[in-house]
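Quick notes on the structure that follows.
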Amino acid sequence: MTTTAERGLRIAELARAAGVPTDTVRYYERIGLLPAPRRTAGGYRDYEPGAVDRLQFIQGAQRLGLRLVDIGHLLAVRDTGQCPCEPAGELLRRRLDDVDAQIAQLTALRAEMAAMAAALPQAECPDPTPGTWCPPDGEGGDCSCSS
């Protein structure tokens, strides 16, 4: 019987080793992130053991929020044998800027939600005006909501 080391990895073995579904492996292959493997005489995909590392690199970059097109660029540099540190640093700095902007937006949203929650009457809240969270003008005291 031929061992995995002698024959390479079948798609299910690769997917299991990398912790991704087989459809993900096929998709990455289709869009060029994963090179097409050699095929056996029976037509099975026969991946090199290095494909596990490549899939883990892709997954790690995605966890950082990098787009697949950017990951493809990093892999292209990596495939030349050069270190992808410089382009990776640029991408990560850009991604950090995006994350900082999202944090600012979420902080503003949180402050707005907290102010709305604090403005809600605590006792005896009358029915709201249709289309709003607040009672009709003149009822309910200090509720100053808008639709």
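Ordering of the structure tokens sets the chain letters (A, B, ...); residue numbers start at 1 within each chain; ligands are numbered from 1 in the order shown.
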Taking only chain A into account, list the residues labelled helix (DSSP H, G or I) by DSSP (computed from the backbone), as a VMD selection string. chain A and resid 4 to 7 11 to 18 22 to 31 50 to 63 68 to 79 85 to 119
What's around stretch 11-27 of chain A at 7 Å? Count only C-alpha atoms, leave out sequence neighbours fewer than 4 positions away in its own chain, and write the answer as a ChimeraX atom specification. /A:31,45,52,55-56
Take the residues just selected and output them with C-alpha atoms as a short mmCIF file (atom, residue, chain, number, x, y, z; two decimals), in the first residue's frame.
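And here is the file that came out, selection-v7.cif:
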```
data_model
loop_
_atom_site.label_atom_id
_atom_site.label_comp_id
_atom_site.auth_asym_id
_atom_site.auth_seq_id
_atom_site.Cartn_x
_atom_site.Cartn_y
_atom_site.Cartn_z
CA ILE A 31 -8.67 31.41 -8.02
CA ARG A 45 -5.64 15.53 -6.87
CA VAL A 52 -0.78 22.50 4.20
CA LEU A 55 -3.40 26.90 3.31
CA GLN A 56 -2.47 27.81 6.87
#
```
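Put simply, atom CA of A:Arg63 is 24.3 Å away from atom CA of A:Leu109.
Separating atom CA of A:Val77 from atom CA of A:Arg38 is a distance of 22.4 Å.
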For A:Arg78, the closest of A:Gln105, A:Phe57, A:Cys134, A:Pro49 counting only C-alpha atoms is A:Phe57
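Interatomic distance, atom CA of A:Met116 to atom CA of A:Ala104: 18.5 Å.
Running DSSP on the backbone gives strand (DSSP E or B) for these residues within chain A: Leu9, Arg38, Arg39, Arg45, Asp46 and Tyr47 of chain A.
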Let me see the file: selected residues, C-alpha atoms, as an mmCIF file, in the first residue's frame.
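Okay, this is what ended up in result37.cif:
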```cif
data_model
loop_
_atom_site.group_PDB
_atom_site.id
_atom_site.type_symbol
_atom_site.label_atom_id
_atom_site.label_comp_id
_atom_site.auth_asym_id
_atom_site.auth_seq_id
_atom_site.Cartn_x
_atom_site.Cartn_y
_atom_site.Cartn_z
ATOM 1 C CA LEU A 9 -2.133 14.354 -0.023
ATOM 2 C CA ARG A 38 -0.563 16.930 -10.096
ATOM 3 C CA ARG A 39 -3.212 14.328 -10.837
ATOM 4 C CA ARG A 45 -5.645 15.532 -6.866
ATOM 5 C CA ASP A 46 -2.212 14.771 -5.411
ATOM 6 C CA TYR A 47 -1.029 17.728 -3.290
#
```
Got a sec: who's within 10 Å of A:Leu66, counting only C-alpha atoms, leaving out chain neighbours fewer than 5 positions off, as JSON, numbers by chain? {"A": [58, 59, 60, 61, 71, 88, 91, 92, 94, 95]}
